[in-house]
Amino acid sequence: MKTIETDYLVVGAGAAGMAFTDALVGACDAEVVMVERRDGPGGHWHDAYPFVRLHQPSATYGVDSRSLGKNAIDTSGCDAGFYERATAAEICGYYRKVLDEVLLPSGQVRYHGMCDYRGDFAGEHVFTSRLTGVSTRVCVRRKVVDTTYLEVSVPAT
C-alpha cells in the first residue's frame, strides 16, 4: 500500500470541503489532500434533481477566491426581478473551475476523486480508488476535516 503525507486531509469536495480548502490555501502554505467519492467536486449537487436551484442568490454561495454567477437580476422566467440562482450543473461546473483553476495550480492541493475514504479513530486514514481498487494510506500531520458529517441526502439516491 502506498503512503502519502499531508498537513490536512479533507474528506468530501462539496460546499464545505471546497470552502475550507480554498480558505486554507488562501491563508497559508499548508498541504492538503482532498478525497471525494464522486467523479468531481460539487457534493450533493451531482445528485440534485434537474429542477433544483440554489435557495439563495448565487453571489452569496461558494468560495472566497471566485464568485459564483454574475450578481445579476434575472430578467425573464419565474425568477424575473430577483437575483440569479444557480442550477446544479452551474454549481458543479463552478466547483470544477475552482479546483482546476485555483486549488490545483496552487501546488498545495492533491485531489483524489472517485475514491472511498476509510478512517478510524486510531489515526489510520486510507482511501481506495473506486476505479482501480488501489488503496493509499495518508499520514496526517495536522488535522482531518471530514465534511461528510454535513452530507445532504437526496431521496432519489
# chains A, B, ... in the order shown; residues from 1 in each chain; ligands from 1
$ select_by_dssp --residues "chain A" --states "strand (DSSP E or B)" --output "PyMOL selection string"
chain A and resi 2-11+32-35+53+63+66+73+83+87+109-112+115-119+125-129+135-146
$ write_last_selection --atoms "C-alpha atoms" --output "tab-separated table (two decimals), in the first residue's frame"
chain	number	residue	atom	x	y	z
A	2	LYS	CA	1.31	3.42	-0.98
A	3	THR	CA	1.65	6.07	1.76
A	4	ILE	CA	1.42	9.84	1.31
A	5	GLU	CA	1.83	12.67	3.83
A	6	THR	CA	-0.10	15.91	4.16
A	7	ASP	CA	-0.92	18.64	6.64
A	8	TYR	CA	-4.70	18.36	6.15
A	9	LEU	CA	-6.87	15.56	4.84
A	10	VAL	CA	-10.22	16.89	3.61
A	11	VAL	CA	-12.85	14.20	3.08
A	32	VAL	CA	-3.98	19.43	1.52
A	33	VAL	CA	-5.16	16.06	0.25
A	34	MET	CA	-8.82	16.05	-0.83
A	35	VAL	CA	-10.71	12.77	-1.19
A	53	ARG	CA	-31.70	25.67	-7.87
A	63	VAL	CA	-15.78	30.05	-2.03
A	66	ARG	CA	-14.09	33.03	-7.04
A	73	ILE	CA	-31.00	40.25	-11.66
A	83	TYR	CA	-31.02	37.84	-8.22
A	87	THR	CA	-28.62	25.37	-11.23
A	109	VAL	CA	-3.68	20.58	-3.09
A	110	ARG	CA	-3.76	16.99	-4.29
A	111	TYR	CA	-7.21	15.82	-5.36
A	112	HIS	CA	-8.34	12.19	-5.41
A	115	CYS	CA	-12.26	7.32	-4.01
A	116	ASP	CA	-13.83	5.92	-0.86
A	117	TYR	CA	-12.38	7.09	2.46
A	118	ARG	CA	-11.95	4.63	5.31
A	119	GLY	CA	-10.80	6.06	8.58
A	125	HIS	CA	-6.56	7.07	7.22
A	126	VAL	CA	-6.93	5.14	3.98
A	127	PHE	CA	-8.74	5.84	0.75
A	128	THR	CA	-9.40	3.38	-2.05
A	129	SER	CA	-9.92	4.18	-5.71
A	135	SER	CA	-5.59	1.82	-1.58
A	136	THR	CA	-3.48	4.69	-0.25
A	137	ARG	CA	-2.60	5.38	3.38
A	138	VAL	CA	-2.49	9.04	4.43
A	139	CYS	CA	-0.28	10.27	7.27
A	140	VAL	CA	-1.85	13.50	8.51
A	141	ARG	CA	0.42	16.00	10.24
A	142	ARG	CA	-2.25	18.41	11.46
A	143	LYS	CA	-5.95	17.64	11.02
A	144	VAL	CA	-8.57	15.52	9.29
A	145	VAL	CA	-11.58	17.55	8.13
A	146	ASP	CA	-14.41	15.12	7.42
$ select_by_dssp --residues "chain A" --states "helix (DSSP H, G or I)" --output "ChimeraX atom specification"
/A:15-27,43-46,58-60,88-106,147-150
$ residues_around --residues "Ile91 of chain A" --least-positions-apart "3" --cutoff "8 Å" --atoms "only C-alpha atoms" --output "ChimeraX atom specification"
/A:42,45,68,86-88,94-95
$ closest_residue --among "A:Ala89, A:Leu131, A:Ala27, A:Ala13" --to "Pro50 of chain A" --atoms "only C-alpha atoms"
A:Ala89
$ closest_residue --among "A:Ala72, A:Val102, A:Met114, A:Val134" --to "Gly12 of chain A" --atoms "only C-alpha atoms"
A:Met114
$ residues_around --residues "Ser106 of chain A" --least-positions-apart "3" --cutoff "12 Å" --atoms "only C-alpha atoms" --output "PyMOL selection string"
chain A and resi 21-22+24-32+98-103+109-110
